[in-house]
$ cat data.cif   # mmCIF, N, CA and C atoms
data_final
#
loop_
_atom_site.label_atom_id
_atom_site.label_comp_id
_atom_site.auth_asym_id
_atom_site.auth_seq_id
_atom_site.Cartn_x
_atom_site.Cartn_y
_atom_site.Cartn_z
N MET A 194 100.40 118.14 65.26
CA MET A 194 99.85 117.11 66.11
C MET A 194 98.64 117.68 66.85
N SER A 195 97.58 116.97 66.81
CA SER A 195 96.35 117.36 67.48
C SER A 195 96.24 116.59 68.80
N LEU A 196 95.90 117.29 69.86
CA LEU A 196 95.76 116.66 71.17
C LEU A 196 94.33 116.79 71.66
N ASP A 197 93.87 115.79 72.38
CA ASP A 197 92.59 115.84 73.06
C ASP A 197 92.90 116.15 74.52
N ILE A 198 93.02 117.43 74.86
CA ILE A 198 93.44 117.87 76.19
C ILE A 198 92.39 117.46 77.22
N VAL A 199 92.83 116.77 78.29
CA VAL A 199 91.94 116.34 79.36
C VAL A 199 92.19 117.10 80.66
N TYR A 200 93.33 117.78 80.74
CA TYR A 200 93.67 118.53 81.95
C TYR A 200 94.69 119.60 81.57
N THR A 201 94.58 120.76 82.19
CA THR A 201 95.54 121.83 81.99
C THR A 201 95.99 122.36 83.34
N ALA A 202 97.28 122.33 83.59
CA ALA A 202 97.85 122.90 84.81
C ALA A 202 98.17 124.36 84.53
N VAL A 203 97.95 125.20 85.52
CA VAL A 203 98.27 126.62 85.39
C VAL A 203 99.16 127.02 86.57
N ALA A 204 100.29 127.62 86.26
CA ALA A 204 101.20 128.10 87.30
C ALA A 204 101.62 129.53 86.96
N HIS A 205 101.93 130.29 87.99
CA HIS A 205 102.30 131.69 87.83
C HIS A 205 103.66 131.93 88.47
N ALA A 206 104.49 132.71 87.81
CA ALA A 206 105.79 133.12 88.36
C ALA A 206 105.75 134.63 88.58
N SER A 207 106.34 135.06 89.67
CA SER A 207 106.41 136.49 89.96
C SER A 207 107.78 136.81 90.57
N GLY A 208 108.05 138.07 90.70
CA GLY A 208 109.34 138.48 91.25
C GLY A 208 110.40 138.44 90.17
N GLY A 209 111.56 137.89 90.49
CA GLY A 209 112.67 137.91 89.56
C GLY A 209 112.85 136.63 88.76
N GLY A 210 111.81 135.85 88.58
CA GLY A 210 111.94 134.59 87.84
C GLY A 210 112.65 133.55 88.67
N ARG A 211 113.92 133.31 88.38
CA ARG A 211 114.69 132.35 89.17
C ARG A 211 114.84 132.82 90.61
N ASP A 212 114.74 134.08 90.83
CA ASP A 212 114.83 134.66 92.17
C ASP A 212 113.50 135.31 92.48
N GLY A 213 112.48 134.48 92.64
CA GLY A 213 111.12 134.98 92.81
C GLY A 213 110.23 133.99 93.52
N HIS A 214 109.06 133.78 92.93
CA HIS A 214 108.05 132.93 93.55
C HIS A 214 107.23 132.25 92.45
N VAL A 215 106.84 131.02 92.69
CA VAL A 215 105.93 130.31 91.80
C VAL A 215 104.79 129.73 92.61
N ARG A 216 103.64 129.67 91.96
CA ARG A 216 102.50 129.03 92.60
C ARG A 216 101.56 128.52 91.53
N SER A 217 100.91 127.42 91.87
CA SER A 217 99.91 126.89 90.95
C SER A 217 98.60 127.64 91.20
N GLU A 218 97.78 127.65 90.18
CA GLU A 218 96.52 128.39 90.29
C GLU A 218 95.65 127.87 91.43
N ASP A 219 95.75 126.57 91.75
CA ASP A 219 94.96 126.00 92.84
C ASP A 219 95.68 126.08 94.19
N ASP A 220 96.85 126.73 94.22
CA ASP A 220 97.67 126.94 95.42
C ASP A 220 98.22 125.66 96.05
N ARG A 221 98.18 124.55 95.35
CA ARG A 221 98.78 123.32 95.88
C ARG A 221 100.30 123.38 95.81
N LEU A 222 100.80 124.16 94.87
CA LEU A 222 102.23 124.41 94.74
C LEU A 222 102.44 125.88 95.02
N ASP A 223 103.29 126.22 95.99
CA ASP A 223 103.50 127.60 96.39
C ASP A 223 104.91 127.71 96.96
N LEU A 224 105.87 128.10 96.10
CA LEU A 224 107.28 128.02 96.48
C LEU A 224 108.06 129.27 96.10
N ASP A 225 109.05 129.59 96.93
CA ASP A 225 110.03 130.59 96.54
C ASP A 225 111.05 129.94 95.63
N THR A 226 111.50 130.66 94.63
CA THR A 226 112.54 130.16 93.74
C THR A 226 113.80 130.97 93.94
N ARG A 227 114.92 130.27 93.93
CA ARG A 227 116.23 130.90 94.08
C ARG A 227 117.21 130.18 93.18
N PRO A 228 118.11 130.90 92.55
CA PRO A 228 119.15 130.23 91.78
C PRO A 228 120.00 129.36 92.71
N PRO A 229 120.47 128.21 92.20
CA PRO A 229 121.37 127.39 93.02
C PRO A 229 122.69 128.10 93.24
N LYS A 230 123.40 127.72 94.29
CA LYS A 230 124.70 128.32 94.59
C LYS A 230 125.65 128.21 93.40
N GLU A 231 125.55 127.09 92.66
CA GLU A 231 126.44 126.87 91.52
C GLU A 231 126.23 127.90 90.41
N MET A 232 125.08 128.59 90.46
CA MET A 232 124.79 129.61 89.46
C MET A 232 124.80 131.01 90.09
N GLY A 233 125.44 131.12 91.24
CA GLY A 233 125.58 132.42 91.88
C GLY A 233 124.45 132.84 92.79
N GLY A 234 123.54 131.94 93.07
CA GLY A 234 122.40 132.27 93.93
C GLY A 234 122.59 131.81 95.35
N SER A 235 121.57 132.06 96.15
CA SER A 235 121.62 131.66 97.55
C SER A 235 121.34 130.18 97.74
N GLY A 236 120.61 129.57 96.81
CA GLY A 236 120.24 128.17 96.94
C GLY A 236 119.21 127.93 98.02
N GLU A 237 118.56 128.98 98.51
CA GLU A 237 117.64 128.86 99.63
C GLU A 237 116.20 128.59 99.24
N GLY A 238 115.93 128.45 97.97
CA GLY A 238 114.59 128.08 97.51
C GLY A 238 114.75 126.97 96.49
N THR A 239 113.65 126.57 95.91
CA THR A 239 113.75 125.58 94.84
C THR A 239 114.13 126.29 93.56
N ASN A 240 114.41 125.54 92.52
CA ASN A 240 114.75 126.16 91.24
C ASN A 240 114.03 125.41 90.13
N PRO A 241 113.95 126.00 88.95
CA PRO A 241 113.21 125.35 87.86
C PRO A 241 113.71 123.96 87.50
N GLU A 242 115.01 123.72 87.64
CA GLU A 242 115.53 122.40 87.32
C GLU A 242 115.03 121.34 88.29
N GLN A 243 114.92 121.69 89.57
CA GLN A 243 114.38 120.76 90.55
C GLN A 243 112.91 120.45 90.24
N LEU A 244 112.16 121.48 89.89
CA LEU A 244 110.75 121.29 89.57
C LEU A 244 110.60 120.42 88.32
N PHE A 245 111.42 120.67 87.32
CA PHE A 245 111.39 119.86 86.10
C PHE A 245 111.78 118.41 86.40
N ALA A 246 112.81 118.23 87.22
CA ALA A 246 113.25 116.88 87.59
C ALA A 246 112.13 116.12 88.31
N ALA A 247 111.46 116.78 89.24
CA ALA A 247 110.37 116.13 89.98
C ALA A 247 109.23 115.76 89.04
N GLY A 248 108.86 116.68 88.17
CA GLY A 248 107.78 116.40 87.22
C GLY A 248 108.11 115.28 86.27
N TYR A 249 109.33 115.30 85.74
CA TYR A 249 109.75 114.27 84.78
C TYR A 249 109.81 112.91 85.46
N ALA A 250 110.39 112.85 86.66
CA ALA A 250 110.48 111.57 87.38
C ALA A 250 109.09 110.98 87.63
N ALA A 251 108.17 111.80 88.11
CA ALA A 251 106.81 111.32 88.40
C ALA A 251 106.10 110.88 87.12
N CYS A 252 106.23 111.68 86.08
CA CYS A 252 105.57 111.37 84.82
C CYS A 252 106.15 110.08 84.20
N PHE A 253 107.47 109.96 84.23
CA PHE A 253 108.10 108.77 83.65
C PHE A 253 107.72 107.52 84.42
N LEU A 254 107.61 107.62 85.74
CA LEU A 254 107.19 106.47 86.53
C LEU A 254 105.77 106.04 86.14
N GLY A 255 104.89 107.01 85.94
CA GLY A 255 103.54 106.69 85.48
C GLY A 255 103.56 106.00 84.13
N ALA A 256 104.41 106.49 83.23
CA ALA A 256 104.55 105.87 81.91
C ALA A 256 105.13 104.46 82.02
N LEU A 257 106.04 104.27 82.97
CA LEU A 257 106.62 102.95 83.18
C LEU A 257 105.54 101.96 83.65
N HIS A 258 104.65 102.41 84.52
CA HIS A 258 103.56 101.54 84.96
C HIS A 258 102.63 101.20 83.79
N ALA A 259 102.36 102.18 82.93
CA ALA A 259 101.54 101.93 81.74
C ALA A 259 102.24 100.94 80.81
N ALA A 260 103.54 101.11 80.63
CA ALA A 260 104.31 100.18 79.79
C ALA A 260 104.30 98.79 80.41
N GLY A 261 104.41 98.72 81.74
CA GLY A 261 104.37 97.43 82.41
C GLY A 261 103.08 96.68 82.16
N LYS A 262 101.95 97.41 82.23
CA LYS A 262 100.65 96.78 81.93
C LYS A 262 100.62 96.27 80.50
N GLU A 263 101.08 97.14 79.60
CA GLU A 263 101.06 96.79 78.18
C GLU A 263 101.93 95.57 77.87
N LEU A 264 103.07 95.47 78.53
CA LEU A 264 104.04 94.39 78.27
C LEU A 264 103.91 93.22 79.23
N SER A 265 102.93 93.29 80.13
CA SER A 265 102.70 92.24 81.13
C SER A 265 103.92 92.00 82.01
N VAL A 266 104.51 93.09 82.52
CA VAL A 266 105.60 92.98 83.48
C VAL A 266 105.21 93.73 84.75
N ASP A 267 105.72 93.29 85.86
CA ASP A 267 105.37 93.83 87.17
C ASP A 267 106.26 95.03 87.52
N THR A 268 105.68 96.22 87.45
CA THR A 268 106.43 97.43 87.79
C THR A 268 106.18 97.90 89.22
N THR A 269 105.54 97.04 90.02
CA THR A 269 105.35 97.36 91.43
C THR A 269 106.72 97.64 92.05
N ASP A 270 106.79 98.62 92.89
CA ASP A 270 108.02 99.02 93.59
C ASP A 270 109.06 99.67 92.69
N ALA A 271 108.71 99.96 91.44
CA ALA A 271 109.64 100.67 90.56
C ALA A 271 109.82 102.10 91.06
N GLU A 272 110.97 102.68 90.77
CA GLU A 272 111.28 104.06 91.15
C GLU A 272 112.05 104.72 90.01
N VAL A 273 111.89 106.03 89.90
CA VAL A 273 112.62 106.80 88.90
C VAL A 273 113.23 108.02 89.57
N SER A 274 114.51 108.24 89.32
CA SER A 274 115.18 109.46 89.76
C SER A 274 115.58 110.22 88.51
N ALA A 275 115.33 111.51 88.51
CA ALA A 275 115.69 112.36 87.37
C ALA A 275 116.75 113.35 87.80
N GLU A 276 117.81 113.42 87.01
CA GLU A 276 118.86 114.43 87.20
C GLU A 276 118.73 115.39 86.04
N VAL A 277 118.55 116.67 86.34
CA VAL A 277 118.44 117.68 85.30
C VAL A 277 119.60 118.65 85.46
N GLY A 278 120.45 118.69 84.45
CA GLY A 278 121.59 119.59 84.44
C GLY A 278 121.31 120.77 83.54
N ILE A 279 121.86 121.92 83.91
CA ILE A 279 121.74 123.13 83.09
C ILE A 279 123.14 123.67 82.84
N GLY A 280 123.34 124.18 81.65
CA GLY A 280 124.64 124.77 81.32
C GLY A 280 124.55 125.56 80.03
N GLY A 281 125.60 126.30 79.78
CA GLY A 281 125.67 127.10 78.57
C GLY A 281 125.63 126.22 77.33
N ASN A 282 124.93 126.69 76.30
CA ASN A 282 124.80 125.90 75.07
C ASN A 282 125.77 126.31 73.97
N GLY A 283 126.67 127.25 74.27
CA GLY A 283 127.64 127.67 73.28
C GLY A 283 127.15 128.75 72.34
N ASN A 284 125.88 129.11 72.44
CA ASN A 284 125.30 130.14 71.59
C ASN A 284 124.80 131.34 72.39
N GLY A 285 125.29 131.47 73.62
CA GLY A 285 124.85 132.57 74.47
C GLY A 285 123.63 132.27 75.30
N GLY A 286 123.07 131.08 75.14
CA GLY A 286 121.89 130.68 75.92
C GLY A 286 122.23 129.49 76.80
N PHE A 287 121.21 128.85 77.29
CA PHE A 287 121.37 127.70 78.17
C PHE A 287 120.62 126.51 77.61
N GLY A 288 121.05 125.33 78.02
CA GLY A 288 120.38 124.10 77.63
C GLY A 288 120.31 123.16 78.82
N LEU A 289 119.52 122.14 78.65
CA LEU A 289 119.32 121.14 79.70
C LEU A 289 119.77 119.77 79.22
N ALA A 290 120.15 118.93 80.16
CA ALA A 290 120.42 117.52 79.91
C ALA A 290 119.76 116.73 81.04
N VAL A 291 119.21 115.59 80.72
CA VAL A 291 118.48 114.79 81.71
C VAL A 291 119.03 113.37 81.74
N GLU A 292 119.17 112.84 82.96
CA GLU A 292 119.43 111.42 83.13
C GLU A 292 118.32 110.85 83.99
N LEU A 293 117.68 109.81 83.48
CA LEU A 293 116.64 109.12 84.23
C LEU A 293 117.21 107.78 84.69
N ASP A 294 117.29 107.60 86.01
CA ASP A 294 117.73 106.35 86.60
C ASP A 294 116.48 105.57 86.97
N VAL A 295 116.31 104.42 86.36
CA VAL A 295 115.08 103.65 86.51
C VAL A 295 115.38 102.34 87.24
N TYR A 296 114.68 102.14 88.35
CA TYR A 296 114.83 100.97 89.20
C TYR A 296 113.57 100.13 89.06
N THR A 297 113.72 98.91 88.58
CA THR A 297 112.58 98.01 88.36
C THR A 297 112.88 96.65 89.00
N PRO A 298 112.72 96.54 90.32
CA PRO A 298 113.14 95.32 91.02
C PRO A 298 112.35 94.07 90.65
N ASN A 299 111.14 94.21 90.16
CA ASN A 299 110.31 93.04 89.89
C ASN A 299 110.27 92.66 88.42
N VAL A 300 111.04 93.35 87.60
CA VAL A 300 111.05 93.05 86.16
C VAL A 300 112.31 92.26 85.85
N GLU A 301 112.13 91.11 85.22
CA GLU A 301 113.30 90.29 84.90
C GLU A 301 114.22 91.04 83.95
N GLN A 302 115.48 90.78 84.09
CA GLN A 302 116.53 91.51 83.37
C GLN A 302 116.25 91.62 81.87
N ALA A 303 115.81 90.55 81.25
CA ALA A 303 115.60 90.53 79.80
C ALA A 303 114.51 91.49 79.35
N LYS A 304 113.59 91.85 80.25
CA LYS A 304 112.46 92.70 79.87
C LYS A 304 112.61 94.15 80.34
N ARG A 305 113.60 94.42 81.18
CA ARG A 305 113.76 95.77 81.74
C ARG A 305 113.97 96.83 80.67
N GLN A 306 114.89 96.57 79.76
CA GLN A 306 115.22 97.55 78.73
C GLN A 306 114.00 97.89 77.89
N ARG A 307 113.24 96.89 77.48
CA ARG A 307 112.05 97.13 76.65
C ARG A 307 111.01 97.92 77.42
N ALA A 308 110.81 97.63 78.69
CA ALA A 308 109.83 98.37 79.49
C ALA A 308 110.23 99.85 79.59
N VAL A 309 111.51 100.12 79.81
CA VAL A 309 111.99 101.49 79.93
C VAL A 309 111.89 102.21 78.58
N GLU A 310 112.26 101.52 77.51
CA GLU A 310 112.14 102.13 76.19
C GLU A 310 110.70 102.45 75.85
N ARG A 311 109.78 101.56 76.20
CA ARG A 311 108.36 101.81 75.93
C ARG A 311 107.85 102.97 76.78
N ALA A 312 108.29 103.05 78.02
CA ALA A 312 107.90 104.18 78.87
C ALA A 312 108.38 105.49 78.25
N HIS A 313 109.57 105.49 77.67
CA HIS A 313 110.13 106.68 77.02
C HIS A 313 109.30 107.08 75.80
N GLU A 314 108.69 106.11 75.14
CA GLU A 314 107.81 106.40 74.01
C GLU A 314 106.47 106.97 74.47
N ILE A 315 106.00 106.55 75.64
CA ILE A 315 104.69 106.95 76.16
C ILE A 315 104.73 108.29 76.88
N CYS A 316 105.78 108.54 77.66
CA CYS A 316 105.85 109.67 78.58
C CYS A 316 105.73 111.03 77.87
N PRO A 317 104.80 111.88 78.30
CA PRO A 317 104.65 113.20 77.70
C PRO A 317 105.91 114.07 77.84
N TYR A 318 106.62 113.96 78.94
CA TYR A 318 107.86 114.73 79.10
C TYR A 318 108.90 114.26 78.09
N SER A 319 109.01 112.95 77.90
CA SER A 319 109.94 112.42 76.91
C SER A 319 109.56 112.88 75.51
N ASN A 320 108.28 112.86 75.21
CA ASN A 320 107.83 113.30 73.90
C ASN A 320 108.06 114.79 73.69
N ALA A 321 107.92 115.58 74.75
CA ALA A 321 108.13 117.03 74.63
C ALA A 321 109.60 117.39 74.46
N THR A 322 110.47 116.59 75.05
CA THR A 322 111.90 116.93 75.01
C THR A 322 112.65 116.22 73.88
N ARG A 323 112.06 115.20 73.30
CA ARG A 323 112.75 114.41 72.27
C ARG A 323 113.25 115.30 71.15
N GLY A 324 114.55 115.20 70.87
CA GLY A 324 115.16 116.00 69.82
C GLY A 324 115.58 117.38 70.27
N ASN A 325 115.20 117.77 71.49
CA ASN A 325 115.54 119.09 72.01
C ASN A 325 116.64 119.06 73.05
N ILE A 326 116.65 118.02 73.88
CA ILE A 326 117.67 117.88 74.91
C ILE A 326 118.11 116.42 74.97
N THR A 327 119.29 116.21 75.50
CA THR A 327 119.79 114.85 75.67
C THR A 327 119.12 114.23 76.89
N VAL A 328 118.51 113.07 76.68
CA VAL A 328 117.90 112.30 77.77
C VAL A 328 118.57 110.93 77.78
N THR A 329 119.24 110.62 78.88
CA THR A 329 119.91 109.34 79.04
C THR A 329 119.09 108.47 79.96
N LEU A 330 118.80 107.26 79.51
CA LEU A 330 118.05 106.29 80.31
C LEU A 330 119.03 105.30 80.91
N SER A 331 119.01 105.14 82.23
CA SER A 331 119.90 104.21 82.90
C SER A 331 119.09 103.25 83.76
N LEU A 332 119.36 101.97 83.60
CA LEU A 332 118.74 100.94 84.45
C LEU A 332 119.63 100.76 85.66
N VAL A 333 119.05 100.86 86.85
CA VAL A 333 119.82 100.70 88.08
C VAL A 333 119.29 99.50 88.85
N ASP A 334 120.19 98.86 89.55
CA ASP A 334 119.82 97.70 90.37
C ASP A 334 119.73 98.07 91.83
#
$ encode --input "data.cif" --output "structure tokens"
Amino acid sequence: MSLDIVYTAVAHASGGGRDGHVRSEDDRLDLDTRPPKEMGGSGEGTNPEQLFAAGYAACFLGALHAAGKELSVDTTDAEVSAEVGIGGNGNGGFGLAVELDVYTPNVEQAKRQRAVERAHEICPYSNATRGNITVTLSLVD
């Protein structure tokens, strides 16, 4: 697949990875990372799953707005929450699972599913993860 890249984000990790520090090259993102308590860490910083969840939620919402324009539905006031779970994959490594809860108060019931499905086709995060991790789409009221 050939891409016409229009923007590239650059971030750096230092220290112990999950127990370290991350920052974007432009310093707009500058955070300590700590493993969550559930994984034996202090939980006193952010973690990669939280960062992934935030990025996916924001990206999917943008894709939902694009889908809304394309399908002539009103996505004003729409919201997306992303849950990113991490766990052992049975092969000695780890895997992720994602649930996207999509709230579309101004889209009539009959068109909600199609708008969310189209957003899933458009979203770069969805395209990057498709076939690699389980992504569950849930419509919430």
$ closest_residue --input "data.cif" --among "A:Val277, A:Ala204, A:Leu264, A:Leu224" --to "A:Gln306" --atoms "only C-alpha atoms"
A:Leu264
$ residues_around --input "data.cif" --residues "stretch 228-243 of chain A" --least-positions-apart "5" --cutoff "6.5 Å" --atoms "all atoms listed in the file" --output "PyMOL selection string"
chain A and resi 211-212+248+277
$ atom_distance --input "data.cif" --atom1 "atom C of A:Val328" --atom2 "atom C of A:Thr297"
19.0 Å
$ atom_distance --input "data.cif" --atom1 "atom C of A:Asp270" --atom2 "atom N of A:Pro298"
5.4 Å
$ select_by_dssp --input "data.cif" --residues "stretch 283-332 of chain A" --states "strand (DSSP E or B)" --output "number ranges by chain"
A: 287-296, 327-332
$ atom_distance --input "data.cif" --atom1 "atom CA of A:Ile279" --atom2 "atom CA of A:Thr226"
15.7 Å
$ select_by_dssp --input "data.cif" --residues "stretch 236-304 of chain A" --states "alpha helix (DSSP H)" --output "PyMOL selection string"
chain A and resi 241-264+302-304
$ residues_around --input "data.cif" --residues "A:Val273" --least-positions-apart "3" --cutoff "7 Å" --atoms "only N, CA and C atoms" --output "NGL selection string"
:A and (250-251 or 253-254 or 293-296)
$ residues_near_point --input "data.cif" --point "(97.6, 122.8, 86.7)" --cutoff "7 Å" --atoms "all atoms listed in the file" --output "list in words"
Tyr200, Thr201, Ala202, Val203, Ala204, Ser217, Glu218 and Asp219 of chain A
$ write_last_selection --input "data.cif" --atoms "N, CA and C atoms" --output "PDB file, in the frame of the given file"
ATOM      1  N   TYR A 200      93.330 117.780  80.740  1.00  0.00           N
ATOM      2  CA  TYR A 200      93.670 118.530  81.950  1.00  0.00           C
ATOM      3  C   TYR A 200      94.690 119.600  81.570  1.00  0.00           C
ATOM      4  N   THR A 201      94.580 120.760  82.190  1.00  0.00           N
ATOM      5  CA  THR A 201      95.540 121.830  81.990  1.00  0.00           C
ATOM      6  C   THR A 201      95.990 122.360  83.340  1.00  0.00           C
ATOM      7  N   ALA A 202      97.280 122.330  83.590  1.00  0.00           N
ATOM      8  CA  ALA A 202      97.850 122.900  84.810  1.00  0.00           C
ATOM      9  C   ALA A 202      98.170 124.360  84.530  1.00  0.00           C
ATOM     10  N   VAL A 203      97.950 125.200  85.520  1.00  0.00           N
ATOM     11  CA  VAL A 203      98.270 126.620  85.390  1.00  0.00           C
ATOM     12  C   VAL A 203      99.160 127.020  86.570  1.00  0.00           C
ATOM     13  N   ALA A 204     100.290 127.620  86.260  1.00  0.00           N
ATOM     14  CA  ALA A 204     101.200 128.100  87.300  1.00  0.00           C
ATOM     15  C   ALA A 204     101.620 129.530  86.960  1.00  0.00           C
ATOM     16  N   SER A 217     100.910 127.420  91.870  1.00  0.00           N
ATOM     17  CA  SER A 217      99.910 126.890  90.950  1.00  0.00           C
ATOM     18  C   SER A 217      98.600 127.640  91.200  1.00  0.00           C
ATOM     19  N   GLU A 218      97.780 127.650  90.180  1.00  0.00           N
ATOM     20  CA  GLU A 218      96.520 128.390  90.290  1.00  0.00           C
ATOM     21  C   GLU A 218      95.650 127.870  91.430  1.00  0.00           C
ATOM     22  N   ASP A 219      95.750 126.570  91.750  1.00  0.00           N
ATOM     23  CA  ASP A 219      94.960 126.000  92.840  1.00  0.00           C
ATOM     24  C   ASP A 219      95.680 126.080  94.190  1.00  0.00           C
TER      25      ASP A 219
END
$ closest_residue --input "data.cif" --among "A:Ser331, A:Ala290, A:Arg227, A:Cys316" --to "A:His214" --atoms "only C-alpha atoms"
A:Arg227
$ closest_residue --input "data.cif" --among "A:Asp267, A:Cys252, A:Leu332, A:Ala206" --to "A:Ile315" --atoms "only N, CA and C atoms"
A:Cys252
$ closest_residue --input "data.cif" --among "A:Leu222, A:Leu330, A:Val199, A:Ala256" --to "A:Glu292" --atoms "only C-alpha atoms"
A:Leu330
$ build_atoms --input "data.cif" --residues "stretch 314-322 of chain A" --atoms "all heavy atoms" --output "PDB file, in the coordinates of the input"
ATOM      1  N   GLU A 314     108.690 106.110  75.140  1.00  0.00           N
ATOM      2  CA  GLU A 314     107.810 106.400  74.010  1.00  0.00           C
ATOM      3  C   GLU A 314     106.470 106.970  74.470  1.00  0.00           C
ATOM      4  O   GLU A 314     105.865 107.787  73.770  1.00  0.00           O
ATOM      5  CB  GLU A 314     107.549 105.124  73.198  1.00  0.00           C
ATOM      6  CG  GLU A 314     108.770 104.570  72.500  1.00  0.00           C
ATOM      7  CD  GLU A 314     108.555 103.166  71.949  1.00  0.00           C
ATOM      8  OE1 GLU A 314     107.466 102.562  72.156  1.00  0.00           O
ATOM      9  OE2 GLU A 314     109.486 102.649  71.311  1.00  0.00           O
ATOM     10  N   ILE A 315     106.000 106.550  75.640  1.00  0.00           N
ATOM     11  CA  ILE A 315     104.690 106.950  76.160  1.00  0.00           C
ATOM     12  C   ILE A 315     104.730 108.290  76.880  1.00  0.00           C
ATOM     13  O   ILE A 315     103.817 109.109  76.762  1.00  0.00           O
ATOM     14  CB  ILE A 315     104.162 105.870  77.139  1.00  0.00           C
ATOM     15  CG1 ILE A 315     103.891 104.559  76.413  1.00  0.00           C
ATOM     16  CG2 ILE A 315     102.912 106.348  77.861  1.00  0.00           C
ATOM     17  CD1 ILE A 315     103.613 103.387  77.349  1.00  0.00           C
ATOM     18  N   CYS A 316     105.780 108.540  77.660  1.00  0.00           N
ATOM     19  CA  CYS A 316     105.850 109.670  78.580  1.00  0.00           C
ATOM     20  C   CYS A 316     105.730 111.030  77.870  1.00  0.00           C
ATOM     21  O   CYS A 316     106.510 111.324  76.958  1.00  0.00           O
ATOM     22  CB  CYS A 316     107.178 109.609  79.352  1.00  0.00           C
ATOM     23  SG  CYS A 316     107.410 110.980  80.499  1.00  0.00           S
ATOM     24  N   PRO A 317     104.800 111.880  78.300  1.00  0.00           N
ATOM     25  CA  PRO A 317     104.650 113.200  77.700  1.00  0.00           C
ATOM     26  C   PRO A 317     105.910 114.070  77.840  1.00  0.00           C
ATOM     27  O   PRO A 317     106.233 114.838  76.925  1.00  0.00           O
ATOM     28  CB  PRO A 317     103.480 113.839  78.445  1.00  0.00           C
ATOM     29  CG  PRO A 317     102.730 112.705  79.039  1.00  0.00           C
ATOM     30  CD  PRO A 317     103.726 111.616  79.286  1.00  0.00           C
ATOM     31  N   TYR A 318     106.620 113.960  78.940  1.00  0.00           N
ATOM     32  CA  TYR A 318     107.860 114.730  79.100  1.00  0.00           C
ATOM     33  C   TYR A 318     108.900 114.260  78.090  1.00  0.00           C
ATOM     34  O   TYR A 318     109.593 115.077  77.473  1.00  0.00           O
ATOM     35  CB  TYR A 318     108.436 114.581  80.514  1.00  0.00           C
ATOM     36  CG  TYR A 318     107.834 115.501  81.537  1.00  0.00           C
ATOM     37  CD1 TYR A 318     106.511 115.376  81.948  1.00  0.00           C
ATOM     38  CD2 TYR A 318     108.601 116.494  82.127  1.00  0.00           C
ATOM     39  CE1 TYR A 318     105.972 116.209  82.900  1.00  0.00           C
ATOM     40  CE2 TYR A 318     108.075 117.341  83.092  1.00  0.00           C
ATOM     41  CZ  TYR A 318     106.753 117.198  83.469  1.00  0.00           C
ATOM     42  OH  TYR A 318     106.218 118.032  84.410  1.00  0.00           O
ATOM     43  N   SER A 319     109.010 112.950  77.900  1.00  0.00           N
ATOM     44  CA  SER A 319     109.940 112.420  76.910  1.00  0.00           C
ATOM     45  C   SER A 319     109.560 112.880  75.510  1.00  0.00           C
ATOM     46  O   SER A 319     110.427 113.257  74.709  1.00  0.00           O
ATOM     47  CB  SER A 319     109.969 110.889  76.962  1.00  0.00           C
ATOM     48  OG  SER A 319     110.511 110.436  78.182  1.00  0.00           O
ATOM     49  N   ASN A 320     108.280 112.860  75.210  1.00  0.00           N
ATOM     50  CA  ASN A 320     107.830 113.300  73.900  1.00  0.00           C
ATOM     51  C   ASN A 320     108.060 114.790  73.690  1.00  0.00           C
ATOM     52  O   ASN A 320     108.404 115.226  72.596  1.00  0.00           O
ATOM     53  CB  ASN A 320     106.362 112.945  73.683  1.00  0.00           C
ATOM     54  CG  ASN A 320     106.172 111.455  73.479  1.00  0.00           C
ATOM     55  OD1 ASN A 320     107.007 110.795  72.883  1.00  0.00           O
ATOM     56  ND2 ASN A 320     105.093 110.915  73.995  1.00  0.00           N
ATOM     57  N   ALA A 321     107.920 115.580  74.750  1.00  0.00           N
ATOM     58  CA  ALA A 321     108.130 117.030  74.630  1.00  0.00           C
ATOM     59  C   ALA A 321     109.600 117.390  74.460  1.00  0.00           C
ATOM     60  O   ALA A 321     109.934 118.365  73.795  1.00  0.00           O
ATOM     61  CB  ALA A 321     107.567 117.748  75.865  1.00  0.00           C
ATOM     62  N   THR A 322     110.470 116.590  75.050  1.00  0.00           N
ATOM     63  CA  THR A 322     111.900 116.930  75.010  1.00  0.00           C
ATOM     64  C   THR A 322     112.650 116.220  73.880  1.00  0.00           C
ATOM     65  O   THR A 322     113.768 116.628  73.552  1.00  0.00           O
ATOM     66  CB  THR A 322     112.580 116.553  76.351  1.00  0.00           C
ATOM     67  OG1 THR A 322     112.426 115.145  76.582  1.00  0.00           O
ATOM     68  CG2 THR A 322     111.987 117.347  77.500  1.00  0.00           C
TER      69      THR A 322
END
